[in-house]
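Quick look at model_0.cif (mmCIF, C-alpha atoms):
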data_run
loop_
_atom_site.label_atom_id
_atom_site.label_comp_id
_atom_site.auth_asym_id
_atom_site.auth_seq_id
_atom_site.Cartn_x
_atom_site.Cartn_y
_atom_site.Cartn_z
CA MET A 1 0.00 0.00 0.00
CA SER A 2 1.35 3.45 -0.85
CA PHE A 3 0.25 6.96 -0.11
CA THR A 4 0.94 10.17 -2.01
CA ALA A 5 -0.83 13.08 -0.38
CA SER A 6 -1.42 15.06 -3.58
CA GLN A 7 -2.56 12.25 -5.87
CA PRO A 8 -6.29 11.51 -6.30
CA ASP A 9 -7.39 7.87 -6.49
CA GLY A 10 -9.98 8.74 -9.16
CA SER A 11 -11.65 11.87 -10.51
CA ASN A 12 -14.82 13.92 -10.61
CA ASP A 13 -15.93 17.46 -11.46
CA SER A 14 -13.89 18.89 -8.58
CA LEU A 15 -11.15 19.15 -11.21
CA LYS A 16 -13.33 21.76 -12.97
CA SER A 17 -14.38 23.53 -9.77
CA ALA A 18 -12.05 26.56 -9.86
CA ILE A 19 -13.93 29.79 -9.16
CA SER A 20 -10.98 31.66 -10.74
CA ALA A 21 -7.50 30.69 -11.95
CA ASP A 22 -5.98 31.01 -8.48
CA GLY A 23 -9.10 30.60 -6.37
CA ALA A 24 -9.50 34.32 -5.63
CA PRO A 25 -13.19 35.08 -5.15
CA ALA A 26 -15.37 37.98 -6.21
CA LEU A 27 -16.45 39.36 -2.85
CA GLU A 28 -20.11 38.94 -1.90
CA GLN A 29 -20.67 36.59 -4.83
CA GLN A 30 -22.41 33.36 -3.99
CA TYR A 31 -20.61 30.28 -5.30
CA ARG A 32 -21.87 26.73 -5.55
CA ILE A 33 -20.19 23.55 -4.36
CA PRO A 34 -21.79 20.87 -6.53
CA ALA A 35 -23.04 17.76 -4.75
CA ARG A 36 -20.20 15.24 -4.14
CA CYS A 37 -17.52 17.79 -5.18
CA GLY A 38 -14.91 20.10 -3.67
CA VAL A 39 -14.01 23.76 -4.28
CA ALA A 40 -11.00 25.83 -3.14
CA VAL A 41 -11.08 29.57 -2.41
CA LYS A 42 -8.56 32.15 -1.28
CA VAL A 43 -9.62 34.07 1.80
CA ALA A 44 -7.50 37.03 2.90
CA LYS A 45 -6.85 38.00 6.51
CA ASP A 46 -9.91 39.77 8.01
CA GLN A 47 -12.26 38.52 5.31
CA THR A 48 -15.06 36.18 6.31
CA ILE A 49 -16.15 33.00 4.59
CA GLU A 50 -19.80 32.07 4.92
CA VAL A 51 -20.71 28.44 4.24
CA GLN A 52 -24.38 27.76 3.60
CA ASN A 53 -26.10 24.43 4.12
CA THR A 54 -28.40 25.07 1.19
CA HIS A 55 -30.74 22.12 1.67
CA GLY A 56 -30.07 21.65 5.38
CA THR A 57 -28.92 18.04 5.42
CA GLN A 58 -25.43 18.28 3.95
CA VAL A 59 -22.07 17.89 5.71
CA CYS A 60 -19.23 20.16 4.57
CA ASP A 61 -15.69 18.89 5.08
CA PHE A 62 -13.69 22.09 5.66
CA TRP A 63 -9.90 22.48 5.46
CA ALA A 64 -7.63 25.51 5.42
CA PHE A 65 -3.97 25.97 4.58
CA CYS A 66 -1.85 29.00 5.36
CA GLN A 67 -0.19 31.01 2.66
CA PRO A 68 2.53 31.19 1.52
CA GLY A 69 3.26 27.47 1.37
CA LEU A 70 0.66 25.03 2.59
CA ASP A 71 2.61 23.23 5.34
CA GLU A 72 0.71 25.03 8.09
CA PHE A 73 -2.93 23.94 8.17
CA LEU A 74 -6.06 24.03 10.30
CA SER A 75 -5.67 21.24 12.87
CA MET A 76 -8.53 19.67 14.76
CA ALA A 77 -6.22 18.07 17.38
CA HIS A 78 -4.53 21.39 18.15
CA THR A 79 -7.92 23.12 18.16
CA ARG A 80 -9.34 20.63 20.69
CA THR A 81 -6.26 21.13 22.87
CA SER A 82 -6.59 24.91 22.61
CA LEU A 83 -10.32 25.03 23.31
CA SER A 84 -10.45 22.16 25.83
CA SER A 85 -13.45 21.04 23.83
CA VAL A 86 -14.32 18.78 20.94
CA PHE A 87 -17.09 21.17 19.81
CA PRO A 88 -15.92 24.61 18.58
CA LYS A 89 -18.66 27.24 18.90
CA VAL A 90 -19.34 30.89 18.08
CA GLY A 91 -16.62 33.08 19.58
CA ASP A 92 -13.98 30.34 19.48
CA LYS A 93 -10.77 30.61 17.53
CA ILE A 94 -9.72 27.49 15.66
CA VAL A 95 -6.00 26.98 15.25
CA SER A 96 -3.29 25.54 13.03
CA ASN A 97 -0.79 22.73 13.58
CA VAL A 98 1.54 25.37 15.07
CA ARG A 99 -1.32 26.70 17.23
CA ARG A 100 -1.79 29.95 15.31
CA PRO A 101 -5.41 31.14 15.39
CA MET A 102 -6.64 30.77 11.81
CA PHE A 103 -10.34 31.63 12.10
CA GLU A 104 -12.82 33.00 14.57
CA ILE A 105 -16.27 31.46 14.33
CA THR A 106 -18.40 34.59 14.19
CA GLU A 107 -21.86 33.25 13.39
CA ASP A 108 -23.68 29.93 13.32
CA THR A 109 -27.42 29.87 12.67
CA SER A 110 -27.54 26.07 13.14
CA PRO A 111 -27.67 24.30 16.51
CA GLY A 112 -23.86 24.20 16.44
CA VAL A 113 -23.44 20.48 15.93
CA HIS A 114 -20.16 20.02 14.02
CA ASP A 115 -17.56 17.29 14.16
CA THR A 116 -13.83 17.51 14.88
CA LEU A 117 -13.19 13.81 15.54
CA LEU A 118 -13.46 11.90 12.29
CA SER A 119 -11.21 11.62 9.26
CA CYS A 120 -12.40 12.64 5.82
CA CYS A 121 -13.74 9.82 3.71
CA ASP A 122 -11.41 8.32 1.13
CA ILE A 123 -11.36 5.49 -1.38
CA ASN A 124 -10.46 2.97 1.32
CA ARG A 125 -13.39 4.02 3.49
CA TYR A 126 -15.79 3.10 0.72
CA LYS A 127 -13.97 -0.14 -0.06
CA ILE A 128 -14.38 -1.10 3.60
CA LEU A 129 -18.08 -0.22 3.35
CA GLY A 130 -18.39 -2.60 0.38
CA CYS A 131 -17.94 -0.43 -2.72
CA LYS A 132 -16.50 -2.29 -5.67
CA GLU A 133 -16.19 0.77 -7.95
CA TYR A 134 -14.67 4.23 -7.40
CA HIS A 135 -16.75 6.33 -5.03
CA ASP A 136 -16.45 10.11 -4.85
CA ASN A 137 -14.72 10.99 -1.59
CA CYS A 138 -13.68 14.06 0.36
CA THR A 139 -9.96 13.23 0.31
CA ASP A 140 -9.92 13.21 -3.49
CA ASN A 141 -12.15 16.29 -3.58
CA LEU A 142 -9.57 18.15 -1.49
CA ARG A 143 -6.78 17.03 -3.82
CA MET A 144 -8.71 17.93 -6.98
CA ALA A 145 -10.03 21.26 -5.71
CA LEU A 146 -6.43 22.32 -5.05
CA MET A 147 -5.30 21.00 -8.43
CA ALA A 148 -8.07 23.06 -10.06
CA ILE A 149 -6.37 26.24 -8.81
CA GLY A 150 -2.86 25.06 -9.63
CA LEU A 151 -1.83 23.73 -6.20
CA GLN A 152 -0.98 20.32 -4.77
CA ALA A 153 -2.16 19.00 -1.42
CA PRO A 154 1.01 18.59 0.68
CA SER A 155 -0.92 16.55 3.25
CA ILE A 156 -4.47 15.47 4.04
CA PRO A 157 -5.31 17.21 7.33
CA ASP A 158 -8.21 15.99 9.41
CA PRO A 159 -11.19 18.18 8.45
CA PHE A 160 -13.54 20.41 10.39
CA ASN A 161 -16.77 18.61 9.51
CA LEU A 162 -19.42 21.33 9.46
CA TRP A 163 -22.89 20.07 10.44
CA MET A 164 -21.66 16.49 10.83
CA ASN A 165 -23.52 14.96 13.77
CA ILE A 166 -21.25 12.53 15.61
CA PRO A 167 -22.52 12.19 19.18
CA ILE A 168 -20.11 10.82 21.78
CA ALA A 169 -21.56 8.48 24.41
CA PRO A 170 -20.22 8.52 27.99
CA ASN A 171 -18.20 5.36 27.19
CA GLY A 172 -16.52 7.11 24.24
CA SER A 173 -18.43 5.39 21.48
CA THR A 174 -19.51 7.49 18.53
CA ALA A 175 -22.36 7.23 16.03
CA PHE A 176 -23.14 8.47 12.52
CA GLU A 177 -26.32 10.52 12.86
CA PRO A 178 -28.20 12.79 10.43
CA THR A 179 -27.53 16.53 10.55
CA VAL A 180 -29.68 18.66 12.87
CA SER A 181 -29.35 21.75 10.65
CA LYS A 182 -32.05 23.33 8.51
CA PRO A 183 -32.06 24.69 4.94
CA GLN A 184 -29.95 27.85 4.52
CA ASP A 185 -28.22 27.48 7.88
CA ARG A 186 -24.88 29.25 7.66
CA VAL A 187 -21.59 29.31 9.50
CA ARG A 188 -19.34 32.36 9.24
CA LEU A 189 -15.60 32.09 9.87
CA LYS A 190 -13.44 35.20 9.93
CA ALA A 191 -9.92 34.52 8.63
CA LEU A 192 -7.16 35.65 10.99
CA CYS A 193 -4.44 35.10 8.37
CA ASP A 194 -4.28 34.61 4.59
CA VAL A 195 -5.59 31.16 3.80
CA ILE A 196 -6.67 28.75 1.09
CA VAL A 197 -9.96 27.17 2.16
CA VAL A 198 -11.15 23.92 0.63
CA MET A 199 -14.70 22.65 1.12
CA SER A 200 -16.15 19.32 0.06
CA ALA A 201 -19.86 18.54 -0.14
CA CYS A 202 -19.33 15.12 1.44
CA PRO A 203 -20.43 12.33 -0.95
CA GLN A 204 -21.14 9.85 1.85
CA ASP A 205 -24.33 8.03 0.80
CA MET A 206 -23.79 4.77 2.69
CA ASN A 207 -24.77 6.07 6.13
CA PRO A 208 -27.22 8.84 7.13
CA ILE A 209 -24.76 11.65 7.94
CA ASN A 210 -26.04 13.61 4.91
CA GLY A 211 -29.67 13.00 5.87
CA VAL A 212 -31.84 9.94 6.25
CA ASP A 213 -32.34 9.81 2.48
CA CYS A 214 -28.56 9.27 2.04
CA ASP A 215 -28.70 11.77 -0.82
CA PRO A 216 -25.71 14.17 -0.84
CA THR A 217 -26.60 17.67 -2.04
CA GLU A 218 -24.94 20.93 -3.03
CA LEU A 219 -23.67 23.66 -0.71
CA HIS A 220 -23.01 27.35 -1.29
CA PHE A 221 -20.47 29.83 0.03
CA LYS A 222 -19.37 33.42 -0.28
CA VAL A 223 -16.49 35.54 0.91
CA ILE A 224 -17.31 38.89 2.46
CA ASN A 225 -15.28 41.78 3.82
CA MET B 1 5.43 31.73 11.16
CA SER B 2 6.93 28.74 9.36
CA PHE B 3 6.76 25.02 9.85
CA THR B 4 9.18 22.32 8.78
CA ALA B 5 8.01 18.92 9.94
CA SER B 6 11.47 17.41 10.43
CA GLN B 7 13.22 20.32 12.16
CA PRO B 8 13.37 20.48 15.97
CA ASP B 9 12.90 23.86 17.67
CA GLY B 10 15.59 23.01 20.25
CA SER B 11 17.36 19.91 21.46
CA ASN B 12 17.70 17.38 24.27
CA ASP B 13 19.09 13.89 24.84
CA SER B 14 16.57 12.38 22.43
CA LEU B 15 19.30 13.02 19.86
CA LYS B 16 21.39 10.40 21.69
CA SER B 17 18.52 7.97 22.23
CA ALA B 18 19.19 5.44 19.46
CA ILE B 19 18.99 1.87 20.74
CA SER B 20 20.96 0.80 17.65
CA ALA B 21 22.11 2.51 14.45
CA ASP B 22 18.83 1.91 12.67
CA GLY B 23 16.56 1.45 15.67
CA ALA B 24 16.45 -2.35 15.41
CA PRO B 25 15.96 -3.80 18.90
CA ALA B 26 17.42 -6.80 20.64
CA LEU B 27 14.31 -8.88 21.26
CA GLU B 28 13.18 -9.26 24.88
CA GLN B 29 15.65 -6.59 26.01
CA GLN B 30 14.19 -3.86 28.18
CA TYR B 31 15.03 -0.35 26.99
CA ARG B 32 14.62 2.93 28.83
CA ILE B 33 12.98 6.10 27.59
CA PRO B 34 14.59 8.80 29.74
CA ALA B 35 12.26 11.32 31.35
CA ARG B 36 11.36 14.15 28.92
CA CYS B 37 12.91 12.28 25.94
CA GLY B 38 11.90 10.25 22.91
CA VAL B 39 13.16 6.95 21.48
CA ALA B 40 12.51 5.25 18.11
CA VAL B 41 12.41 1.49 17.53
CA LYS B 42 11.82 -0.78 14.57
CA VAL B 43 9.08 -3.32 15.09
CA ALA B 44 8.58 -6.01 12.47
CA LYS B 45 5.22 -7.44 11.43
CA ASP B 46 3.94 -9.90 14.05
CA GLN B 47 6.31 -8.65 16.76
CA THR B 48 4.80 -7.02 19.83
CA ILE B 49 5.92 -3.84 21.51
CA GLU B 50 5.32 -3.60 25.25
CA VAL B 51 5.34 -0.13 26.77
CA GLN B 52 5.70 0.02 30.53
CA ASN B 53 4.57 2.90 32.71
CA THR B 54 7.46 2.35 35.08
CA HIS B 55 6.39 4.74 37.83
CA GLY B 56 2.69 4.72 37.01
CA THR B 57 2.09 8.42 36.44
CA GLN B 58 3.69 9.01 33.06
CA VAL B 59 2.04 9.67 29.71
CA CYS B 60 3.65 8.13 26.62
CA ASP B 61 3.07 9.88 23.31
CA PHE B 62 3.11 7.03 20.78
CA TRP B 63 3.51 7.31 17.01
CA ALA B 64 4.15 4.77 14.29
CA PHE B 65 5.18 5.06 10.66
CA CYS B 66 5.02 2.35 8.03
CA GLN B 67 8.07 1.10 6.25
CA PRO B 68 9.35 1.57 3.61
CA GLY B 69 8.90 5.34 3.52
CA LEU B 70 7.15 7.09 6.39
CA ASP B 71 4.23 8.71 4.56
CA GLU B 72 1.78 6.20 5.96
CA PHE B 73 1.35 6.63 9.71
CA LEU B 74 -0.84 5.67 12.64
CA SER B 75 -3.83 8.05 12.55
CA MET B 76 -6.07 8.78 15.47
CA ALA B 77 -8.82 10.29 13.30
CA HIS B 78 -8.95 7.24 11.04
CA THR B 79 -8.80 4.99 14.11
CA ARG B 80 -11.76 6.76 15.74
CA THR B 81 -13.71 6.44 12.48
CA SER B 82 -12.81 2.75 12.20
CA LEU B 83 -13.65 1.89 15.82
CA SER B 84 -16.63 4.25 16.24
CA SER B 85 -14.95 5.14 19.51
CA VAL B 86 -12.51 7.67 20.93
CA PHE B 87 -11.11 5.06 23.35
CA PRO B 88 -9.27 2.11 21.73
CA LYS B 89 -9.23 -0.96 23.98
CA VAL B 90 -7.84 -4.49 24.12
CA GLY B 91 -8.84 -6.41 20.99
CA ASP B 92 -9.11 -3.27 18.84
CA LYS B 93 -7.04 -2.66 15.74
CA ILE B 94 -5.68 0.83 15.34
CA VAL B 95 -5.21 2.03 11.79
CA SER B 96 -3.16 4.24 9.48
CA ASN B 97 -4.08 7.31 7.45
CA VAL B 98 -5.02 4.90 4.63
CA ARG B 99 -7.03 2.78 7.08
CA ARG B 100 -4.61 -0.15 7.16
CA PRO B 101 -4.63 -1.94 10.53
CA MET B 102 -1.19 -1.22 12.04
CA PHE B 103 -1.49 -2.73 15.53
CA GLU B 104 -3.79 -4.87 17.57
CA ILE B 105 -3.93 -3.93 21.24
CA THR B 106 -3.35 -7.31 22.84
CA GLU B 107 -2.90 -6.46 26.52
CA ASP B 108 -3.48 -3.53 28.86
CA THR B 109 -2.99 -4.00 32.60
CA SER B 110 -4.10 -0.40 33.30
CA PRO B 111 -7.73 0.74 33.48
CA GLY B 112 -7.53 1.51 29.74
CA VAL B 113 -7.65 5.28 29.97
CA HIS B 114 -5.72 6.59 26.94
CA ASP B 115 -6.22 9.67 24.80
CA THR B 116 -6.76 9.95 21.04
CA LEU B 117 -8.00 13.55 20.98
CA LEU B 118 -5.14 15.89 21.75
CA SER B 119 -2.11 17.03 19.78
CA CYS B 120 1.41 16.37 21.02
CA CYS B 121 2.96 19.25 22.94
CA ASP B 122 5.32 21.52 21.05
CA ILE B 123 7.32 24.68 21.61
CA ASN B 124 4.26 26.84 20.95
CA ARG B 125 2.19 24.97 23.52
CA TYR B 126 4.68 25.91 26.23
CA LYS B 127 4.95 29.50 25.00
CA ILE B 128 1.18 29.78 25.32
CA LEU B 129 1.43 28.33 28.86
CA GLY B 130 3.94 31.06 29.73
CA CYS B 131 7.39 29.54 29.14
CA LYS B 132 10.02 32.06 28.18
CA GLU B 133 12.80 29.51 27.54
CA TYR B 134 12.92 26.33 25.47
CA HIS B 135 10.86 23.54 27.03
CA ASP B 136 11.32 19.89 26.12
CA ASN B 137 8.33 18.81 24.06
CA CYS B 138 6.97 15.68 22.41
CA THR B 139 7.02 17.13 18.90
CA ASP B 140 10.75 17.76 19.10
CA ASN B 141 11.28 14.40 20.82
CA LEU B 142 9.63 12.71 17.82
CA ARG B 143 11.84 14.64 15.42
CA MET B 144 15.03 13.94 17.38
CA ALA B 145 14.29 10.27 18.05
CA LEU B 146 13.96 9.73 14.30
CA MET B 147 17.11 11.76 13.62
CA ALA B 148 18.94 9.54 16.12
CA ILE B 149 18.31 6.55 13.85
CA GLY B 150 19.05 8.42 10.63
CA LEU B 151 15.50 9.33 9.61
CA GLN B 152 13.55 12.56 9.24
CA ALA B 153 9.98 13.11 10.39
CA PRO B 154 7.98 13.70 7.20
CA SER B 155 5.02 14.95 9.25
CA ILE B 156 3.92 15.28 12.87
CA PRO B 157 0.97 12.92 13.20
CA ASP B 158 -1.41 13.26 16.12
CA PRO B 159 -0.21 10.80 18.77
CA PHE B 160 -1.84 7.93 20.59
CA ASN B 161 -1.39 9.25 24.12
CA LEU B 162 -0.98 6.17 26.31
CA TRP B 163 -2.29 6.65 29.86
CA MET B 164 -3.23 10.27 29.19
CA ASN B 165 -6.45 10.98 31.07
CA ILE B 166 -8.60 13.42 29.11
CA PRO B 167 -12.21 12.96 30.16
CA ILE B 168 -14.92 14.29 27.84
CA ALA B 169 -17.96 15.89 29.45
CA PRO B 170 -21.43 15.51 27.91
CA ASN B 171 -21.11 19.05 26.50
CA GLY B 172 -17.84 18.10 24.75
CA SER B 173 -15.49 19.90 27.09
CA THR B 174 -12.26 18.14 28.00
CA ALA B 175 -9.96 18.32 31.03
CA PHE B 176 -6.33 17.55 31.82
CA GLU B 177 -6.41 14.96 34.61
CA PRO B 178 -3.72 12.82 36.25
CA THR B 179 -3.17 9.28 34.98
CA VAL B 180 -5.17 6.48 36.60
CA SER B 181 -2.44 3.89 35.93
CA LYS B 182 -0.18 2.23 38.48
CA PRO B 183 3.56 1.49 38.51
CA GLN B 184 4.59 -1.14 35.93
CA ASP B 185 1.30 -1.06 34.08
CA ARG B 186 1.94 -2.18 30.53
CA VAL B 187 0.27 -1.96 27.15
CA ARG B 188 1.10 -4.49 24.46
CA LEU B 189 0.59 -3.71 20.78
CA LYS B 190 1.13 -6.37 18.14
CA ALA B 191 2.44 -4.91 14.88
CA LEU B 192 0.40 -5.91 11.82
CA CYS B 193 2.99 -4.51 9.40
CA ASP B 194 6.64 -3.40 9.56
CA VAL B 195 6.78 -0.12 11.46
CA ILE B 196 8.99 2.46 13.08
CA VAL B 197 7.54 3.27 16.51
CA VAL B 198 8.46 6.48 18.32
CA MET B 199 7.62 7.01 21.98
CA SER B 200 8.05 10.18 24.02
CA ALA B 201 7.98 10.36 27.81
CA CYS B 202 5.86 13.51 27.74
CA PRO B 203 7.70 16.41 29.43
CA GLN B 204 4.50 18.25 30.34
CA ASP B 205 5.09 19.68 33.84
CA MET B 206 2.70 22.62 33.72
CA ASN B 207 -0.49 20.62 34.25
CA PRO B 208 -1.11 17.35 36.13
CA ILE B 209 -1.32 14.91 33.21
CA ASN B 210 1.94 13.29 34.35
CA GLY B 211 0.76 13.11 37.96
CA VAL B 212 -0.22 15.67 40.55
CA ASP B 213 3.46 16.32 41.33
CA CYS B 214 3.93 17.54 37.73
CA ASP B 215 7.17 15.55 37.66
CA PRO B 216 7.72 13.72 34.33
CA THR B 217 9.46 10.37 34.71
CA GLU B 218 11.05 7.63 32.61
CA LEU B 219 9.28 4.83 30.77
CA HIS B 220 10.50 1.44 29.56
CA PHE B 221 9.71 -0.76 26.59
CA LYS B 222 10.68 -4.01 24.93
CA VAL B 223 9.96 -5.78 21.67
CA ILE B 224 8.96 -9.43 21.84
CA ASN B 225 8.19 -12.12 19.30
#

Could you spell out this file's structure in structure tokens?
Amino acid sequence: MSFTASQPDGSNDSLKSAISADGAPALEQQYRIPARCGVAVKVAKDQTIEVQNTHGTQVCDFWAFCQPGLDEFLSMAHTRTSLSSVFPKVGDKIVSNVRRPMFEITEDTSPGVHDTLLSCCDINRYKILGCKEYHDNCTDNLRMALMAIGLQAPSIPDPFNLWMNIPIAPNGSTAFEPTVSKPQDRVRLKALCDVIVVMSACPQDMNPINGVDCDPTELHFKVIN
Amino acid sequence: MSFTASQPDGSNDSLKSAISADGAPALEQQYRIPARCGVAVKVAKDQTIEVQNTHGTQVCDFWAFCQPGLDEFLSMAHTRTSLSSVFPKVGDKIVSNVRRPMFEITEDTSPGVHDTLLSCCDINRYKILGCKEYHDNCTDNLRMALMAIGLQAPSIPDPFNLWMNIPIAPNGSTAFEPTVSKPQDRVRLKALCDVIVVMSACPQDMNPINGVDCDPTELHFKVIN
């Protein structure tokens, strides 16, 4: 078994997802993340990215890399250590692998149920679940969304899984539950440094994390000053 | 701020910790991990590594990388996803970032309280806690333990924190609590592939995770067939 961080195991329309040649957004413009795909966007320090759960049942795998170079990235383990919590909430700052605050969560219209514990899905996850053919996956969406703006993923950080509902029982066991968000719920994250954000509309359709219908849908986002 | 995975931010005796030129162990021989230091050891498929909490109050940050190449590594996020639990226990298989089972936990004489949630300490962690000077840290111990056997850390994976007691409250908040282990408690992990294991006797002395005396101590380990 081998592993090359930047190399997708298959392909989908994430390769055509660039919102501009280098991922720079038009401010205030609403962009679409197609169902099962990933999109990358540049967000400058002090700008805010708003991610919208358009249909209310969709998980968004969210990563961020610092510029210049992408070796510093948003880290869930460092964020949990910093916050003394597994559930970041409005007012919290989420941090990088060198503990630099990367974003402040400034608004969340949903009940605030997001996951920091689980890895992003990948080709092996779906093989384990029984898939015989290629299945869209968030790891490849991250890789392809960066390729679409001319970059390569230097690593696959563990994602901030917006709206993903992973309850933790007192004995430490976890479960895959449907989102508790509603259509057009939004999370706003203010960037505290210049970053490349990548978002994947998680293509998981073999458990109910994207709703009891197991039907992954689109998301939307915009960058605002 | 910059980040180079392989480069320590200071130094300690981890640089002199090699148990052999390439980290290959003498089987059944007990080796010491000095307090505040890290040691690397090669463990072949089907061999078992036994880590001993010599004085009972010490956390061991535990990493493993697959050979050949170190790009595949033991991943806590993929392990949590695989186990549907944040607390691996005897009989569980803990997995890599490509979901390959790397170890089976075959024995644990302690109450089984280990942490998969928190990042390893690093120079920035101690700066945030108020240190003005260099403080030994597990991230640098990982880097130096690999350097001591002629390797470079390609990344800083999130560690399996043996005996680290991080309870999770129903609201998701976590706490730094003393270990609940006793002197000579041991954990045995059977390798399911050829690996390089790195262990750090965590030098955290600014909270009680290494005992209420905040006095980091040595650990021991051996590799058995």

ask   = Counting all atoms listed in the file, which residues of chain B come no farther than 7 Å from chain A, as a PyMOL selection string?
value = chain B and resi 3+71-72+77-78+80-81+84-87+98-99+117-119+124+158+172-175

inquiry  = Running the PyMOL selection byres ((chain B and resi 35-51) around 6) on this model by hand, what would come out? Give it as an MDAnalysis selection string.
reply    = chainID B and resid 14 17 23:24 34 52 141 145 186:203 216:218 221:225

message = Report, in Å with one decimal, the straight-line distance from CA of Pro25 in chain A to CA of His220 in chain A.
response =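 Answer for the CA of Pro25 in chain A to CA of His220 in chain A separation: 13.1 Å.
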
message = Please report the interatomic distance between CA of Asn210 in chain B and CA of Gly112 in chain B in Å with one decimal.
response =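 Value for the CA of Asn210 in chain B-CA of Gly112 in chain B distance: 15.8 Å.
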
task = To one decimal in Å, tell me the separation between CA of Asn12 in chain A and CA of Met206 in chain A.
result =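 Distance reported for this atom pair: 18.5 Å.
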
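Comparing A:Leu219, A:Ala153, A:Cys131, A:Cys214 by their smallest distance to Trp63 in chain A, the closest is A:Ala153 (using only C-alpha atoms).
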
request  = Any chance you could resolve the PyMOL selection byres ((chain A and resi 163) around 6) against this file and give the residues as a list in words?
outcome  =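 In the shown coordinates, the PyMOL selection byres ((chain A and resi 163) around 6) covers Val59, Val113, His114, Leu162, Met164 and Thr179 of chain A.
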
task = Considering only C-alpha atoms, return as number ranges by chain whatever protein or nucleic-acid residues lie within 9 Å of range 132-134 of chain A, sequence-local ones (same chain, fewer than 3 positions apart) excluded.
result = A: 9-11, 123, 126-127, 137

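Distance check against Gly150 in chain B using all atoms listed in the file: of B:Cys60, B:Ile105, B:Ala21, B:Ile94, the minimum falls on B:Ala21.
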
Please complete range 127-138 of chain B so it has N, CA, C and O atoms, and hand it over as a compact mmCIF listing (two decimals), in the coordinates of the input.
# COMPACT_ATOMS: atom_id res chain seq x y z
N LYS B 127 4.98 28.02 25.06
CA LYS B 127 4.95 29.50 25.00
C LYS B 127 3.58 30.02 25.44
O LYS B 127 3.48 30.97 26.21
N ILE B 128 2.54 29.35 24.96
CA ILE B 128 1.18 29.78 25.32
C ILE B 128 0.95 29.61 26.83
O ILE B 128 0.26 30.42 27.46
N LEU B 129 1.58 28.57 27.41
CA LEU B 129 1.43 28.33 28.86
C LEU B 129 2.33 29.25 29.69
O LEU B 129 2.30 29.20 30.92
N GLY B 130 3.16 30.06 29.00
CA GLY B 130 3.94 31.06 29.73
C GLY B 130 5.44 30.85 29.76
O GLY B 130 6.15 31.66 30.35
N CYS B 131 5.93 29.77 29.14
CA CYS B 131 7.39 29.54 29.14
C CYS B 131 8.12 30.60 28.34
O CYS B 131 7.72 30.90 27.21
N LYS B 132 9.19 31.08 28.91
CA LYS B 132 10.02 32.06 28.18
C LYS B 132 11.20 31.37 27.50
O LYS B 132 11.75 31.87 26.53
N GLU B 133 11.64 30.24 28.07
CA GLU B 133 12.80 29.51 27.54
C GLU B 133 12.31 28.26 26.80
O GLU B 133 11.15 27.90 26.88
N TYR B 134 13.25 27.60 26.12
CA TYR B 134 12.92 26.33 25.47
C TYR B 134 12.43 25.32 26.51
O TYR B 134 13.00 25.20 27.60
N HIS B 135 11.39 24.60 26.17
CA HIS B 135 10.86 23.54 27.03
C HIS B 135 10.89 22.26 26.21
O HIS B 135 10.45 22.25 25.06
N ASP B 136 11.41 21.19 26.79
CA ASP B 136 11.32 19.89 26.12
C ASP B 136 9.88 19.67 25.68
O ASP B 136 8.94 20.06 26.39
N ASN B 137 9.69 19.03 24.53
CA ASN B 137 8.33 18.81 24.06
C ASN B 137 8.28 17.57 23.17
O ASN B 137 9.28 17.17 22.56
N CYS B 138 7.11 16.96 23.11
CA CYS B 138 6.97 15.68 22.41
C CYS B 138 7.19 15.80 20.91
O CYS B 138 7.68 14.87 20.27
